[in-house]
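**Student:** Next comes the structure file query.cif, holding mmCIF, C-alpha atoms.
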data_work
loop_
_atom_site.label_atom_id
_atom_site.label_comp_id
_atom_site.auth_asym_id
_atom_site.auth_seq_id
_atom_site.Cartn_x
_atom_site.Cartn_y
_atom_site.Cartn_z
CA MET A 288 -3.34 -36.41 -0.73
CA GLY A 289 -4.99 -33.24 0.49
CA LEU A 290 -8.47 -34.70 0.05
CA GLN A 291 -7.56 -37.98 1.75
CA GLY A 292 -6.04 -36.08 4.66
CA GLY A 293 -9.15 -33.94 4.85
CA GLU A 294 -11.46 -36.98 4.97
CA HIS A 295 -9.51 -38.55 7.88
CA MET A 296 -8.81 -35.35 9.74
CA ASP A 297 -7.72 -35.59 13.34
CA PRO A 298 -10.40 -34.26 15.75
CA LEU A 299 -7.76 -32.04 17.36
CA ALA A 300 -6.97 -30.44 14.02
CA LEU A 301 -10.67 -29.99 13.30
CA ALA A 302 -11.19 -28.32 16.68
CA ALA A 303 -8.24 -26.02 16.04
CA ALA A 304 -9.65 -25.06 12.65
CA PHE A 305 -13.05 -24.28 14.14
CA SER A 306 -11.50 -22.23 16.93
CA VAL A 307 -9.61 -20.18 14.37
CA LEU A 308 -12.81 -19.65 12.39
CA ILE A 309 -14.56 -18.41 15.53
CA THR A 310 -11.66 -16.01 16.12
CA VAL A 311 -12.03 -14.74 12.57
CA VAL A 312 -15.73 -14.08 13.06
CA MET A 313 -15.05 -12.22 16.32
CA LEU A 314 -12.39 -10.08 14.66
CA PHE A 315 -14.78 -9.22 11.85
CA VAL A 316 -17.42 -8.20 14.39
CA VAL A 317 -14.95 -5.96 16.22
CA PHE A 318 -13.81 -4.48 12.91
CA TYR A 319 -17.39 -3.73 11.85
CA VAL A 320 -18.48 -2.28 15.19
CA THR A 321 -15.48 0.02 15.54
CA THR A 322 -15.89 1.24 11.97
CA VAL A 323 -19.65 1.91 12.01
CA ASN A 324 -20.00 3.36 15.49
CA THR A 325 -17.23 5.93 15.08
CA GLY A 326 -17.66 6.79 11.41
CA ASP A 327 -20.49 9.29 11.92
CA LYS A 328 -18.72 10.92 14.86
CA ARG A 329 -15.59 11.52 12.83
CA VAL A 330 -17.55 13.00 9.94
CA ARG A 331 -19.52 15.33 12.23
CA ALA A 332 -16.34 16.45 14.00
CA ARG A 333 -14.62 17.28 10.70
CA LEU A 334 -17.64 19.18 9.37
CA GLN A 335 -17.91 21.15 12.59
CA ASN A 336 -14.24 22.11 12.44
CA VAL A 337 -14.50 23.26 8.83
CA VAL A 338 -17.71 25.24 9.39
CA SER A 339 -16.35 26.98 12.46
CA HIS A 340 -12.98 27.58 10.76
CA ALA A 341 -11.25 26.37 13.90
CA PRO A 342 -9.18 23.32 14.78
CA ALA A 343 -10.49 20.62 17.04
CA ALA A 344 -10.71 21.17 20.77
CA GLY A 345 -7.33 21.23 22.46
CA LEU A 346 -5.42 21.93 19.24
CA SER A 347 -3.82 25.13 18.12
CA ALA A 348 -3.86 26.30 14.53
CA GLU A 349 -0.27 25.12 14.15
CA SER A 350 -1.09 21.58 15.25
CA ALA A 351 -4.18 21.25 13.10
CA LEU A 352 -2.16 19.59 10.33
CA LYS A 353 -0.44 17.06 12.55
CA LYS A 354 -1.47 13.43 12.43
CA ASN A 355 -3.91 13.19 15.30
CA ALA A 356 -6.42 10.71 13.92
CA GLU A 357 -7.68 7.85 16.05
CA LEU A 358 -5.61 4.70 15.79
CA SER A 359 -8.52 2.44 16.72
CA GLY A 360 -12.14 2.55 17.77
CA LEU A 361 -11.25 0.46 20.83
CA PRO A 362 -9.61 2.62 23.55
CA ILE A 363 -7.43 -0.26 24.80
CA LEU A 364 -6.07 -1.04 21.34
CA GLY A 365 -5.60 2.65 20.61
CA ALA A 366 -3.57 3.05 23.81
CA LEU A 367 -1.37 0.10 22.85
CA LEU A 368 -0.73 1.49 19.37
CA SER A 369 -0.15 5.11 20.36
CA GLY A 370 3.37 6.45 20.55
CA LYS A 371 4.91 3.77 18.33
CA GLU A 372 7.11 4.79 15.41
CA TRP A 373 5.87 1.96 13.20
CA THR A 374 2.27 2.99 13.97
CA GLU A 375 2.90 6.45 12.51
CA SER A 376 4.57 4.83 9.51
CA VAL A 377 1.55 2.57 8.88
CA ALA A 378 -0.83 5.52 9.31
CA GLY A 379 1.15 7.46 6.71
CA GLU A 380 1.05 4.54 4.28
CA LEU A 381 -2.72 4.18 4.69
CA GLU A 382 -3.12 7.89 3.95
CA ARG A 383 -0.87 7.70 0.90
CA ALA A 384 -2.89 4.77 -0.42
CA ASN A 385 -6.12 6.72 0.25
CA LEU A 386 -7.58 3.86 2.28
CA ASN A 387 -10.26 4.85 4.80
CA LEU A 388 -8.85 2.58 7.49
CA ARG A 389 -7.31 3.26 10.85
CA VAL A 390 -4.19 1.45 12.02
CA GLY A 391 -6.14 -0.77 14.40
CA GLU A 392 -8.58 -1.78 11.66
CA TYR A 393 -5.72 -2.47 9.26
CA LEU A 394 -3.96 -4.72 11.79
CA THR A 395 -7.25 -6.47 12.53
CA LEU A 396 -7.68 -7.16 8.84
CA ARG A 397 -4.18 -8.64 8.57
CA ILE A 398 -4.70 -10.89 11.59
CA THR A 399 -8.10 -11.95 10.27
CA MET A 400 -6.68 -12.91 6.89
CA ALA A 401 -3.84 -14.84 8.57
CA ALA A 402 -6.22 -16.76 10.82
CA LEU A 403 -8.64 -17.52 8.00
CA LEU A 404 -6.00 -18.85 5.61
CA PHE A 405 -4.38 -20.79 8.46
CA ALA A 406 -7.68 -22.58 9.05
CA VAL A 407 -8.20 -23.23 5.34
CA GLY A 408 -4.65 -24.53 4.84
CA MET A 409 -4.89 -26.79 7.87
CA TYR A 410 -8.27 -28.14 6.78
CA VAL A 411 -7.16 -28.85 3.20
CA ALA A 412 -3.77 -30.36 4.00
CA GLY A 413 -5.11 -32.64 6.72
CA ARG A 414 -3.71 -33.83 10.01
CA GLY A 415 -0.16 -34.14 11.18
CA THR A 416 2.94 -32.08 10.70
CA ILE A 417 2.20 -31.44 7.03
CA GLY A 418 -1.17 -29.90 7.83
CA LEU A 419 0.33 -27.70 10.53
CA LEU A 420 3.13 -26.51 8.24
CA ALA A 421 0.67 -25.87 5.43
CA GLY A 422 -1.55 -23.88 7.78
CA ILE A 423 1.38 -21.80 9.02
CA ALA A 424 2.53 -21.11 5.46
CA ALA A 425 -0.99 -20.12 4.41
CA GLY A 426 -1.33 -17.93 7.51
CA ILE A 427 1.90 -16.10 6.70
CA ILE A 428 0.68 -15.49 3.16
CA GLY A 429 -2.65 -14.22 4.48
CA PHE A 430 -0.91 -11.89 6.93
CA PHE A 431 1.11 -10.25 4.16
CA LEU A 432 -1.66 -10.09 1.52
CA PRO A 433 -3.14 -6.78 2.84
CA ARG A 434 0.38 -5.36 3.01
CA PHE A 435 1.00 -6.33 -0.60
CA TYR A 436 -2.29 -4.72 -1.66
CA LEU A 437 -1.43 -1.57 0.31
CA LYS A 438 1.96 -1.25 -1.40
CA ARG A 439 0.46 -1.80 -4.86
CA ARG A 440 -2.22 0.82 -4.20
CA MET A 441 0.36 3.30 -2.90
CA LYS A 442 2.57 2.80 -5.95
CA ALA A 443 -0.33 3.13 -8.40
CA ARG A 444 -1.59 6.31 -6.72
CA LEU A 445 1.89 7.82 -6.59
CA THR A 446 2.51 7.06 -10.27
CA LYS A 447 -0.79 8.65 -11.24
CA PHE A 448 -0.05 11.72 -9.12
CA ASP A 449 3.40 12.17 -10.68
CA ASP A 450 1.90 11.91 -14.16
CA GLN A 451 -0.64 14.62 -13.31
CA LEU A 452 1.89 16.87 -11.60
CA VAL A 453 3.61 17.95 -14.83
CA GLU A 454 0.31 19.09 -16.33
CA ALA A 455 -0.62 20.80 -13.05
CA LEU A 456 2.64 22.78 -13.03
CA THR A 457 1.99 23.96 -16.58
CA LEU A 458 -1.53 25.09 -15.63
CA ILE A 459 -0.30 26.89 -12.51
CA SER A 460 2.49 28.59 -14.45
CA ASN A 461 0.10 29.84 -17.13
CA CYS A 462 -2.34 31.09 -14.48
CA LEU A 463 0.45 32.98 -12.71
CA ARG A 464 1.38 34.70 -15.96
CA SER A 465 -2.27 35.66 -16.38
CA GLY A 466 -2.30 37.48 -13.05
CA PHE A 467 -3.80 34.86 -10.74
CA GLY A 468 -2.42 34.20 -7.28
CA PHE A 469 -0.78 30.90 -6.40
CA LEU A 470 -3.74 29.55 -4.41
CA GLN A 471 -6.14 30.55 -7.17
CA SER A 472 -3.90 28.75 -9.66
CA MET A 473 -3.83 25.63 -7.46
CA ASP A 474 -7.62 25.74 -7.16
CA LEU A 475 -7.99 26.00 -10.94
CA ALA A 476 -5.59 23.07 -11.45
CA ALA A 477 -7.59 21.03 -8.94
CA GLU A 478 -10.78 21.78 -10.85
CA GLN A 479 -9.27 20.87 -14.22
CA LEU A 480 -7.51 17.64 -13.21
CA LYS A 481 -8.81 14.43 -11.69
CA ASP A 482 -7.99 12.44 -8.59
CA PRO A 483 -5.64 11.98 -6.81
CA LEU A 484 -4.09 15.39 -7.53
CA SER A 485 -7.46 17.13 -7.35
CA ILE A 486 -8.19 15.75 -3.85
CA GLU A 487 -4.75 16.57 -2.48
CA PHE A 488 -4.68 20.12 -3.88
CA LYS A 489 -8.14 20.82 -2.46
CA ARG A 490 -7.08 19.49 0.93
CA THR A 491 -4.07 21.79 0.89
CA ILE A 492 -6.20 24.82 -0.01
CA ASN A 493 -8.69 23.88 2.71
CA ASP A 494 -5.87 23.62 5.26
CA ILE A 495 -4.77 27.15 4.41
CA ASN A 496 -8.35 28.44 4.55
CA VAL A 497 -8.88 27.09 8.09
CA GLY A 498 -5.77 28.78 9.44
CA ALA A 499 -2.67 26.76 8.54
CA SER A 500 0.35 28.61 7.20
CA PHE A 501 1.30 28.30 3.56
CA GLU A 502 4.56 26.49 4.34
CA ASP A 503 2.92 24.02 6.76
CA ALA A 504 0.18 23.19 4.26
CA LEU A 505 2.70 22.43 1.51
CA ILE A 506 4.87 20.34 3.84
CA ALA A 507 1.79 18.38 4.92
CA LEU A 508 0.93 17.80 1.25
CA ASN A 509 4.43 16.46 0.66
CA GLU A 510 4.16 14.13 3.65
CA ARG A 511 0.80 12.78 2.49
CA ILE A 512 2.02 12.00 -1.02
CA GLY A 513 5.65 11.03 -0.53
CA SER A 514 6.64 11.95 -4.10
CA ASN A 515 10.21 12.92 -4.98
CA ASP A 516 8.95 15.12 -7.83
CA LEU A 517 6.54 16.93 -5.53
CA ASP A 518 9.34 17.42 -3.01
CA ILE A 519 11.39 19.21 -5.68
CA VAL A 520 8.41 21.42 -6.58
CA ILE A 521 7.65 22.37 -2.97
CA THR A 522 11.31 23.07 -2.25
CA ALA A 523 11.48 25.38 -5.27
CA ILE A 524 8.30 27.21 -4.20
CA LEU A 525 9.50 27.72 -0.62
CA ILE A 526 12.91 28.97 -1.77
CA GLN A 527 11.22 31.39 -4.19
CA ARG A 528 9.08 32.75 -1.36
CA THR A 529 12.25 33.36 0.67
CA VAL A 530 14.66 34.82 -1.91
CA GLY A 531 12.19 36.00 -4.58
CA GLY A 532 12.16 35.39 -8.32
CA ASN A 533 9.75 34.57 -11.12
CA LEU A 534 7.70 31.64 -9.86
CA ALA A 535 6.16 30.94 -13.28
CA GLU A 536 9.60 30.49 -14.86
CA ILE A 537 10.75 28.33 -11.95
CA LEU A 538 7.74 26.04 -12.32
CA ASP A 539 8.30 25.82 -16.08
CA THR A 540 11.90 24.76 -15.48
CA VAL A 541 10.86 22.13 -12.94
CA ALA A 542 8.14 20.84 -15.29
CA HIS A 543 10.67 20.56 -18.12
CA THR A 544 13.03 18.58 -15.87
CA MET A 545 10.22 16.26 -14.86
CA ARG A 546 9.22 15.70 -18.49
CA GLU A 547 12.80 14.72 -19.34
CA ARG A 548 12.92 12.34 -16.38
CA SER A 549 9.64 10.79 -17.49
CA ARG A 550 10.99 10.37 -21.02
CA ILE A 551 14.16 8.69 -19.76
CA LYS A 552 12.12 6.38 -17.52
CA GLY A 553 10.01 5.40 -20.52
CA GLU A 554 13.11 4.56 -22.51
CA LEU A 555 14.48 2.50 -19.63
CA ARG A 556 11.20 0.58 -19.37
CA THR A 557 11.41 -0.14 -23.08
CA LEU A 558 15.01 -1.31 -22.89
CA THR A 559 14.47 -3.52 -19.84
CA SER A 560 11.10 -5.01 -20.81
CA GLN A 561 12.73 -7.91 -22.68
CA GLN A 562 14.97 -8.73 -19.72
CA LYS A 563 11.98 -8.63 -17.37
CA MET A 564 10.04 -10.99 -19.60
CA SER A 565 13.05 -13.32 -19.78
CA GLY A 566 13.20 -13.33 -15.99
CA TYR A 567 9.50 -14.17 -15.73
CA VAL A 568 9.86 -17.03 -18.23
CA VAL A 569 12.94 -18.50 -16.56
CA GLY A 570 11.38 -18.14 -13.12
CA GLY A 571 8.09 -19.74 -14.12
CA LEU A 572 9.61 -22.57 -16.16
CA PRO A 573 10.31 -24.94 -13.22
CA ILE A 574 6.78 -24.49 -11.86
CA PHE A 575 5.33 -25.07 -15.32
CA ILE A 576 7.36 -28.26 -15.79
CA ILE A 577 6.32 -29.62 -12.38
CA LEU A 578 2.65 -29.00 -13.19
CA ILE A 579 3.00 -30.77 -16.55
CA LEU A 580 4.70 -33.77 -14.94
CA LEU A 581 2.01 -33.92 -12.27
CA GLY A 582 -0.68 -33.88 -14.95
CA LEU A 583 1.05 -36.58 -16.98
CA GLY A 584 1.50 -38.65 -13.83
CA ARG A 585 -2.23 -38.50 -13.16
CA LEU A 586 -2.99 -39.63 -16.71
CA THR A 587 -0.41 -42.42 -16.97
CA GLY A 588 -0.38 -43.58 -13.36
CA ASP A 589 3.31 -42.79 -12.84
CA THR A 590 4.14 -41.46 -9.38
CA TYR A 591 7.83 -40.63 -9.75
CA ILE A 592 7.18 -36.87 -9.61
CA SER A 593 5.21 -37.28 -6.38
CA THR A 594 8.43 -38.20 -4.56
CA LEU A 595 9.17 -34.48 -4.45
CA PHE A 596 6.18 -34.03 -2.14
CA THR A 597 6.12 -37.33 -0.21
CA THR A 598 9.80 -37.87 0.73
CA ASN A 599 12.01 -35.78 2.98
CA GLY A 600 14.66 -35.47 0.29
CA GLY A 601 12.12 -34.21 -2.22
CA ARG A 602 10.71 -31.66 0.22
CA ILE A 603 14.19 -30.40 1.05
CA ALA A 604 14.91 -30.08 -2.68
CA LEU A 605 11.67 -28.14 -3.20
CA LEU A 606 12.48 -25.86 -0.28
CA ILE A 607 15.99 -25.13 -1.59
CA ALA A 608 14.63 -24.57 -5.09
CA SER A 609 11.96 -22.17 -3.79
CA VAL A 610 14.54 -20.17 -1.82
CA MET A 611 16.85 -19.96 -4.84
CA GLU A 612 13.91 -18.99 -7.04
CA GLY A 613 12.97 -16.17 -4.70
CA MET A 614 16.58 -14.97 -4.49
CA GLY A 615 16.82 -14.96 -8.28
CA ILE A 616 13.64 -12.91 -8.62
CA MET A 617 14.88 -10.35 -6.06
CA ILE A 618 18.29 -10.09 -7.77
CA ILE A 619 16.70 -9.53 -11.18
CA ARG A 620 14.37 -6.88 -9.76
CA ARG A 621 17.28 -5.07 -8.10
CA ILE A 622 19.31 -5.12 -11.31
CA LEU A 623 16.45 -3.74 -13.38
CA ASP A 624 15.39 -1.15 -10.76
CA ILE A 625 17.29 1.83 -12.17
CA GLU A 626 16.88 5.18 -10.44
CA VAL A 627 16.60 8.28 -12.64
#
Show the structure stored in the file as structure tokens.
**Tutor:**
Amino acid sequence: MGLQGGEHMDPLALAAAFSVLITVVMLFVVFYVTTVNTGDKRVRARLQNVVSHAPAAGLSAESALKKNAELSGLPILGALLSGKEWTESVAGELERANLNLRVGEYLTLRITMAALLFAVGMYVAGRGTIGLLAGIAAGIIGFFLPRFYLKRRMKARLTKFDDQLVEALTLISNCLRSGFGFLQSMDLAAEQLKDPLSIEFKRTINDINVGASFEDALIALNERIGSNDLDIVITAILIQRTVGGNLAEILDTVAHTMRERSRIKGELRTLTSQQKMSGYVVGGLPIFIILILLGLGRLTGDTYISTLFTTNGGRIALLIASVMEGMGIMIIRRILDIEV
């Protein structure tokens, strides 16, 4: 059906598809220009600030750690995005995912993906209401694809950081017992371990070297990572600096607690893996059966399964089934998402 609709496409639909493609090209050009033209300036500004051991112009040493990065290379777009709470949230997520994108570039990418998939869906599905609905559905999927990738990257980076944090605490504790200072111990842990912990520890040490206070640098580290385990560690360090105590023993205790939590999480993953697989099988079974029936219908010439896609009753049934399928997946994920 999709091919037949595509061959007899309405000129209006074809014009709409081409207009969307032109919009996509323009957005890509804006994205490229704003990235290339301002990239060298940002690098030179950062190097100059580090070499001179001073914050940027107009900033005090206390505000050097605040999020003051450009939101977009276009002044108009940057002015529209500035001061918004969700803009700061997106900027924090981009930093946690270690993506070298500004908020304006990230939004441009999402709009570009939405427009591109809208054009593709409309072109493939053909003219009429079905083509428009298919284009809208494809555009929504394209708009949320970068968001999905961002969340996956954030989760993967956070998991890797938490796994490295236990080993880093052991290294820091041993260095403290050997007579090293805390910053020297952090620097040694950053040298011994890999990214992302290495990058974040070095950024924290650099913040302190250019004039930030110890507490502000650790709080900024916690904001960049967003890890519950790191929050416990930083809280313990700040309390120790206030009331005193043996920091090496405190870090050993925190590391032991984190190891036990990691062990319990591993056991939970083992116990719930079978239930997760059962959920995947049950959720994918209807789709698998529909694909088999479609394939058999093509081979035998039967068209009874096509009524799901060609009649209003069949489309309503598919819509209800899709909604129930999504609700079932979310319920299973919530049940199996056990906090430790």
**Student:** Taking all atoms listed in the file into account, which of A:Ala476, A:Cys462, A:Leu517, A:Met400 comes nearest A:Phe448?
**Tutor:**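 Of all the options, A:Leu517 lies closest to A:Phe448.
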**Student:** Go through A:Leu508, A:Leu419, A:Ile524, A:Ala535 and flag the residue nearest A:Leu458, using all atoms listed in the file for the distances.
**Tutor:**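 Using all atoms listed in the file, the shortest distance to A:Leu458 belongs to A:Ala535.
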**Student:** Counting only C-alpha atoms, note down every residue that has an atom within 12 Å of the point (12.5, 18.3, -15.6) (file coordinates), as a VMD selection string.
**Tutor:** chain A and resid 452 to 453 456 to 457 516 to 517 519 to 520 537 to 551 627
**Student:** Show me, as a list in words, the residues that have an atom within 7 Å of stretch 477-484 of chain A when counting all atoms listed in the file, minus same-chain residues fewer than 5 positions from it.
**Tutor:** Arg444, Phe448, Gln451 and Lys489 of chain A
**Student:** Work out how far apart atom CA of A:Phe430 and atom CA of A:Asp624 are and give it in Å to one decimal.
**Tutor:** 26.3 Å
**Student:** What does the PyMOL selection byres ((chain A and resi 405) around 6) select in this file, as number ranges by chain?
**Tutor:** A: 401-404, 406-408, 422-423, 425-426
**Student:** Could you write out as a list in words the residues that the PyMOL selection byres ((chain A and resi 470) around 12) matches in the shown file?
**Tutor:**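 Expected selection for the PyMOL selection byres ((chain A and resi 470) around 12) here is Ile459, Ser460, Cys462, Leu463, Gly466, Phe467, Gly468, Phe469, Gln471, Ser472, Met473, Asp474, Leu475, Ala476, Ala477, Phe488, Lys489, Arg490, Thr491, Ile492, Asn493, Asp494, Ile495, Asn496, Phe501, Ala504 and Leu505 of chain A.
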**Student:** Can you work out the spacing between atom CA of A:Leu583 and atom CA of A:Ile417 in Å, to one decimal?
**Tutor:**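 Here the two named atoms are 24.6 Å from each other.
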**Student:** Box along x, y and z, 6 Å on every side, all listed atoms of stretch 428-444 of chain A inside: centre and edge lengths in Å to one decimal, as JSON.
**Tutor:**
{"center_x": -0.3, "center_y": -4.6, "center_z": -0.7, "size_x": 17.7, "size_y": 33.8, "size_z": 27.3}
**Student:** Specify as a count of residues only each residue included when the PyMOL selection byres ((chain A and resi 379) around 10) is applied to this file.
**Tutor:** 18
